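Shown next: work_37.cif, containing mmCIF, C-alpha atoms.
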```
data_my_file
loop_
_atom_site.label_atom_id
_atom_site.label_comp_id
_atom_site.auth_asym_id
_atom_site.auth_seq_id
_atom_site.Cartn_x
_atom_site.Cartn_y
_atom_site.Cartn_z
CA MET A 725 99.89 76.37 90.61
CA GLU A 726 99.81 80.11 90.14
CA TYR A 727 97.49 82.82 88.88
CA LYS A 728 98.87 85.42 86.50
CA MET A 729 97.41 88.90 86.63
CA ASN A 730 98.19 92.53 85.92
CA ILE A 731 98.20 94.77 88.99
CA ALA A 732 98.75 98.52 88.66
CA GLY A 733 100.22 97.95 85.20
CA LEU A 734 102.64 95.24 86.31
CA ASP A 735 102.44 91.53 85.55
CA ARG A 736 102.71 89.22 88.54
CA ALA A 737 102.14 85.49 89.20
CA LEU A 738 100.45 84.68 92.51
CA PRO A 739 101.06 81.22 93.99
CA LEU A 740 97.84 79.41 94.84
CA CYS A 741 97.56 78.28 98.46
CA PRO A 742 94.92 75.95 99.95
CA LEU A 743 92.46 77.22 102.53
CA ASN A 744 90.96 73.73 102.62
CA GLU A 745 90.90 70.71 100.28
CA ASN A 746 88.51 72.40 97.83
CA LEU A 747 89.29 76.13 98.08
CA TYR A 748 92.50 77.97 97.17
CA ILE A 749 93.48 81.62 97.33
CA GLY A 750 96.05 83.57 95.35
CA ALA A 751 98.87 84.59 97.71
CA PHE A 752 99.52 88.28 97.21
CA VAL A 753 102.57 89.61 99.06
CA ILE A 754 104.08 93.02 98.33
CA PHE A 755 106.96 92.53 100.79
CA GLY A 756 110.20 92.73 98.83
CA ASP A 757 108.54 94.14 95.69
CA PRO A 758 109.08 97.92 95.82
CA GLU A 759 108.17 98.34 92.13
CA LEU A 760 104.70 96.89 92.74
CA THR A 761 104.29 98.68 96.07
CA THR A 762 105.00 102.08 94.52
CA ALA A 763 102.79 101.42 91.47
CA CYS A 764 99.88 100.36 93.69
CA ALA A 765 100.36 103.29 96.07
CA GLU A 766 100.28 105.76 93.16
CA LYS A 767 97.12 104.21 91.68
CA LEU A 768 95.32 104.11 95.04
CA LEU A 769 96.22 107.72 95.87
CA GLY A 770 94.68 108.72 92.54
CA LYS A 771 91.38 107.20 93.72
CA ALA A 772 91.53 108.25 97.39
CA PRO A 773 88.81 110.39 98.97
CA GLU A 774 89.85 113.36 101.10
CA TYR A 775 91.37 112.19 104.38
CA ASP A 776 93.48 113.41 107.30
CA TYR A 777 95.32 110.20 108.19
CA MET A 778 95.61 106.59 107.01
CA ILE A 779 95.66 103.41 109.10
CA THR A 780 96.57 99.82 108.33
CA ALA A 781 97.03 96.60 110.26
CA GLU A 782 100.36 94.94 110.89
CA SER A 783 101.93 93.59 108.72
CA LYS A 784 101.29 93.23 104.96
CA GLY A 785 99.66 96.66 104.69
CA ILE A 786 102.73 98.42 106.12
CA PRO A 787 104.77 98.85 102.91
CA LEU A 788 101.66 100.05 101.07
CA VAL A 789 100.53 102.65 103.60
CA HIS A 790 104.12 103.80 104.08
CA GLU A 791 104.57 104.36 100.35
CA MET A 792 101.20 106.08 100.06
CA ALA A 793 102.15 108.42 102.91
CA ARG A 794 105.56 109.09 101.35
CA LEU A 795 104.08 109.86 97.93
CA ALA A 796 101.46 112.12 99.54
CA GLY A 797 104.17 114.30 101.11
CA ASN A 798 105.50 112.21 104.00
CA GLN A 799 102.24 112.23 105.91
CA LYS A 800 101.85 110.58 109.29
CA TYR A 801 99.95 107.29 109.29
CA PHE A 802 98.83 104.86 111.98
CA LEU A 803 99.56 101.20 112.50
CA ALA A 804 97.37 98.73 114.38
CA ARG A 805 99.83 96.33 116.01
CA LYS A 806 99.36 92.59 116.61
CA LYS A 807 100.87 92.92 120.09
CA PRO A 808 101.10 95.95 122.37
CA LYS A 809 104.58 97.45 122.68
CA LEU A 810 106.21 98.84 125.82
CA TYR A 811 106.06 102.40 124.47
CA MET A 812 102.28 102.22 123.92
CA ASN A 813 100.03 103.87 126.53
CA GLY A 814 96.24 103.91 126.83
CA VAL A 815 96.01 101.04 124.37
CA PHE A 816 92.80 100.31 122.46
CA GLU A 817 92.25 96.68 121.37
CA VAL A 818 89.89 94.70 119.15
CA ASP A 819 89.55 91.05 118.13
CA VAL A 820 90.07 89.95 114.52
CA ARG A 821 89.92 86.62 112.70
CA SER A 822 91.58 86.71 109.27
CA ILE A 823 91.27 83.88 106.73
CA THR A 824 95.02 83.95 106.14
CA THR A 825 96.04 83.61 109.80
CA GLU A 826 95.14 80.66 112.00
CA GLY A 827 93.15 81.44 115.13
CA GLU A 828 91.84 84.64 116.59
CA GLN A 829 94.13 87.65 116.87
CA LYS A 830 93.94 91.09 118.40
CA LEU A 831 94.87 94.46 117.01
CA TYR A 832 96.16 97.25 119.25
CA LEU A 833 96.28 101.00 118.80
CA ASP A 834 98.43 103.35 120.85
CA GLY A 835 96.42 105.87 122.88
CA ALA A 836 98.61 108.71 121.54
CA ASP A 837 97.65 107.76 117.98
CA ALA A 838 94.01 107.49 119.03
CA ALA A 839 94.15 111.05 120.40
CA LEU A 840 95.37 112.31 117.01
CA MET A 841 92.51 110.49 115.25
CA LYS A 842 89.73 112.11 117.26
CA GLY A 843 87.40 113.97 114.89
CA LYS A 844 89.65 113.29 111.90
CA ARG A 845 88.88 111.57 108.58
CA ILE A 846 90.66 108.23 108.55
CA LEU A 847 91.33 106.22 105.40
CA VAL A 848 91.59 102.47 106.09
CA ILE A 849 94.23 100.74 103.94
CA ASP A 850 94.92 97.03 103.40
CA ASP A 851 96.65 94.95 100.75
CA VAL A 852 93.81 92.45 100.16
CA ILE A 853 90.23 92.44 101.42
CA SER A 854 88.45 89.10 101.42
CA THR A 855 86.00 88.48 104.25
CA GLY A 856 86.47 92.01 105.56
CA ALA A 857 87.29 90.86 109.12
CA SER A 858 90.51 92.89 109.33
CA LEU A 859 88.71 95.88 107.87
CA VAL A 860 85.98 95.68 110.51
CA ALA A 861 88.60 95.47 113.28
CA LEU A 862 90.42 98.55 111.96
CA GLU A 863 87.14 100.44 111.71
CA LYS A 864 86.32 99.57 115.33
CA LEU A 865 89.68 100.96 116.45
CA VAL A 866 89.10 104.17 114.49
CA GLU A 867 85.59 104.57 115.91
CA GLU A 868 86.75 103.88 119.50
CA ALA A 869 89.39 106.57 119.02
CA GLY A 870 86.72 109.03 117.86
CA GLY A 871 87.89 109.07 114.26
CA ILE A 872 85.66 109.03 111.20
CA VAL A 873 86.19 106.30 108.60
CA CYS A 874 86.10 108.20 105.31
CA GLY A 875 87.08 105.35 103.00
CA ARG A 876 88.39 101.82 102.61
CA MET A 877 91.09 101.05 100.07
CA THR A 878 92.90 97.90 99.02
CA ILE A 879 94.97 96.64 96.15
CA LEU A 880 92.91 93.48 95.60
CA ALA A 881 89.32 92.60 96.45
CA GLU A 882 89.13 88.83 96.82
CA GLY A 883 86.05 86.71 96.22
CA GLU A 884 82.78 88.44 97.14
CA ALA A 885 84.62 91.55 98.36
CA LYS A 886 84.76 92.67 94.71
CA ASP A 887 80.97 93.15 94.84
CA ARG A 888 81.08 95.57 97.78
CA ASP A 889 80.42 99.19 96.90
CA ASP A 890 82.15 100.55 100.02
CA ILE A 891 85.66 99.45 99.02
CA ILE A 892 87.97 101.18 96.55
CA TYR A 893 90.32 98.63 94.99
CA LEU A 894 92.56 98.20 91.98
CA GLU A 895 91.78 94.66 90.83
CA PRO A 896 89.45 91.77 91.68
CA LEU A 897 91.09 88.50 92.76
CA PRO A 898 89.04 85.33 92.31
CA LEU A 899 88.98 82.33 94.59
CA PHE A 900 90.12 79.04 93.07
CA ASP A 901 89.08 75.39 93.06
CA LYS A 902 91.53 72.57 93.87
CA ASP A 903 92.63 72.46 90.21
CA GLY A 904 93.50 76.16 90.16
CA ASN A 905 90.44 77.28 88.19
CA PRO A 906 88.83 80.62 89.17
CA ILE A 907 85.44 80.06 90.80
CA ASP A 908 84.10 83.63 90.87
#
```
Let me see the file written as structure tokens.
Amino acid sequence: MEYKMNIAGLDRALPLCPLNENLYIGAFVIFGDPELTTACAEKLLGKAPEYDYMITAESKGIPLVHEMARLAGNQKYFLARKKPKLYMNGVFEVDVRSITTEGEQKLYLDGADAALMKGKRILVIDDVISTGASLVALEKLVEEAGGIVCGRMTILAEGEAKDRDDIIYLEPLPLFDKDGNPID
């Protein structure tokens, strides 16, 4: 089963994947699709509030935030990692539980990046927002670093996330029943 939709002017078919026996989600992956990544980055930048830096979580947000930064003049951006790296010092960490990843995870921010965030407007970027758990984790990292969350942007707002007024997104993505019918 798949769900066909138009995203940033491009037609795509999202495979439907089960969360449980009655609930399915549309799998949206921009990895390997530079045409879609660039189109989405352009559209999101056109809606972006003023910001100093952007941040995303590893890993599906990476191509999007990279392309947004490139299109905006090769700006620096930050990445919250799933594991600390040897080169990271003064690491900040938060817990996160995403609906698309089994179990609890952590996100880590390098202390050097945190120092650059202090007092700056930070735009939080993700590919899809559903429950908002990843978004909350990123916001905690920004706040711990002394940054100011100035906006939240995503390509797709899944399920009830489409009703939030604090998220800028391109398209709503429904949830699906076991037969592949949209339920929102």
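The spacing separating CA of Ile786 in chain A from CA of Pro808 in chain A amounts to 16.5 Å.
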| task | On this file, the PyMOL selection byres ((chain A and resi 736) around 12) gives some set of residues; write that set as JSON, numbers by chain. | result | {"A": [726, 727, 728, 729, 730, 731, 732, 733, 734, 735, 737, 738, 739, 750, 751, 752, 753, 754, 757, 759, 760]}
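Against the coordinates shown, the PyMOL selection byres ((chain A and resi 907) around 10) returns Leu747, Tyr748, Gly883, Pro898, Leu899, Phe900, Asp901, Gly904, Asn905, Pro906 and Asp908 of chain A.
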What would the file look like if the residues just selected were written as a compact mmCIF listing (two decimals), in the frame of the given file with C-alpha atoms?
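That gives us result_9.txt:
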```txt
# COMPACT_ATOMS: atom_id res chain seq x y z
CA LEU A 747 89.29 76.13 98.08
CA TYR A 748 92.50 77.97 97.17
CA GLY A 883 86.05 86.71 96.22
CA PRO A 898 89.04 85.33 92.31
CA LEU A 899 88.98 82.33 94.59
CA PHE A 900 90.12 79.04 93.07
CA ASP A 901 89.08 75.39 93.06
CA GLY A 904 93.50 76.16 90.16
CA ASN A 905 90.44 77.28 88.19
CA PRO A 906 88.83 80.62 89.17
CA ASP A 908 84.10 83.63 90.87
```
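The result of the PyMOL selection byres ((chain A and resi 842) around 6) on the shown file is Ala839, Leu840, Met841, Gly843, Lys844, Ala869, Gly870 and Gly871 of chain A.
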| said: Counting all atoms listed in the file, I want the residues whose atoms come within 8 Å of (90.2, 106.9, 96.0) in the file frame, returned as a VMD selection string. | reply: chain A and resid 768 to 773 875 877 892
Counting only C-alpha atoms, what are the residues of range 837-908 of chain A within 9 Å of range 789-805 of chain A, and for each of them which pair of atoms is the nearest and at what distance in Å, to one decimal? Sort the table by chain and rising number, as a tab-separated table.
```
residue	atom	partner	partner_atom	distance
A:Asp837	CA	A:Phe802	CA	6.8
A:Ala838	CA	A:Phe802	CA	8.9
A:Ile849	CA	A:Val789	CA	6.6
A:Asp850	CA	A:Val789	CA	7.9
A:Leu862	CA	A:Ala804	CA	7.4
A:Leu865	CA	A:Ala804	CA	8.3
```
Need to verify the contact set: Glu817 in chain A, 8 Å, only C-alpha atoms, exclusion of same-chain residues closer than 6 positions in sequence. Can you return it as a PDB file with C-alpha atoms, in the frame of the given file?
```
ATOM      1  CA  LYS A 830      93.940  91.090 118.400  1.00  0.00           C
ATOM      2  CA  LEU A 831      94.870  94.460 117.010  1.00  0.00           C
ATOM      3  CA  TYR A 832      96.160  97.250 119.250  1.00  0.00           C
ATOM      4  CA  LEU A 833      96.280 101.000 118.800  1.00  0.00           C
ATOM      5  CA  LEU A 865      89.680 100.960 116.450  1.00  0.00           C
TER       6      LEU A 865
END
```
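CA of Thr855 in chain A is positioned 16.5 Å from CA of Cys741 in chain A.
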| task | Kindly indicate which residue among A:Glu884, A:Val815, A:Glu868, A:Ile879 lies nearest to Asp851 in chain A, using all atoms listed in the file for the distances. | result | A:Ile879
| At what distance in Å, to one decimal, does CA of Thr762 in chain A lie from CA of Gln829 in chain A? | 28.7 Å
| said: Residues near Ala836 in chain A, anyone? I mean within 8 Å using all atoms listed in the file, not counting same-chain ones fewer than 4 positions away, as number ranges by chain. | reply: A: 812-814, 840
Atoms kept (C-alpha atoms) for selection, written as an mmCIF file, in the frame of the given file:
```cif
data_model
loop_
_atom_site.group_PDB
_atom_site.id
_atom_site.type_symbol
_atom_site.label_atom_id
_atom_site.label_comp_id
_atom_site.auth_asym_id
_atom_site.auth_seq_id
_atom_site.Cartn_x
_atom_site.Cartn_y
_atom_site.Cartn_z
ATOM 1 C CA MET A 812 102.280 102.220 123.920
ATOM 2 C CA ASN A 813 100.030 103.870 126.530
ATOM 3 C CA GLY A 814 96.240 103.910 126.830
ATOM 4 C CA LEU A 840 95.370 112.310 117.010
#
```
| task | Using all atoms listed in the file, find the one residue out of A:Val852, A:Leu894, A:Leu810, A:Val818 that sits nearest to Glu867 in chain A. | result | A:Val818
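Shell of Phe755 in chain A at 8 Å, with all atoms listed in the file counted and residues fewer than 3 places along the chain excluded, is Pro758, Lys784 and Pro787 of chain A.
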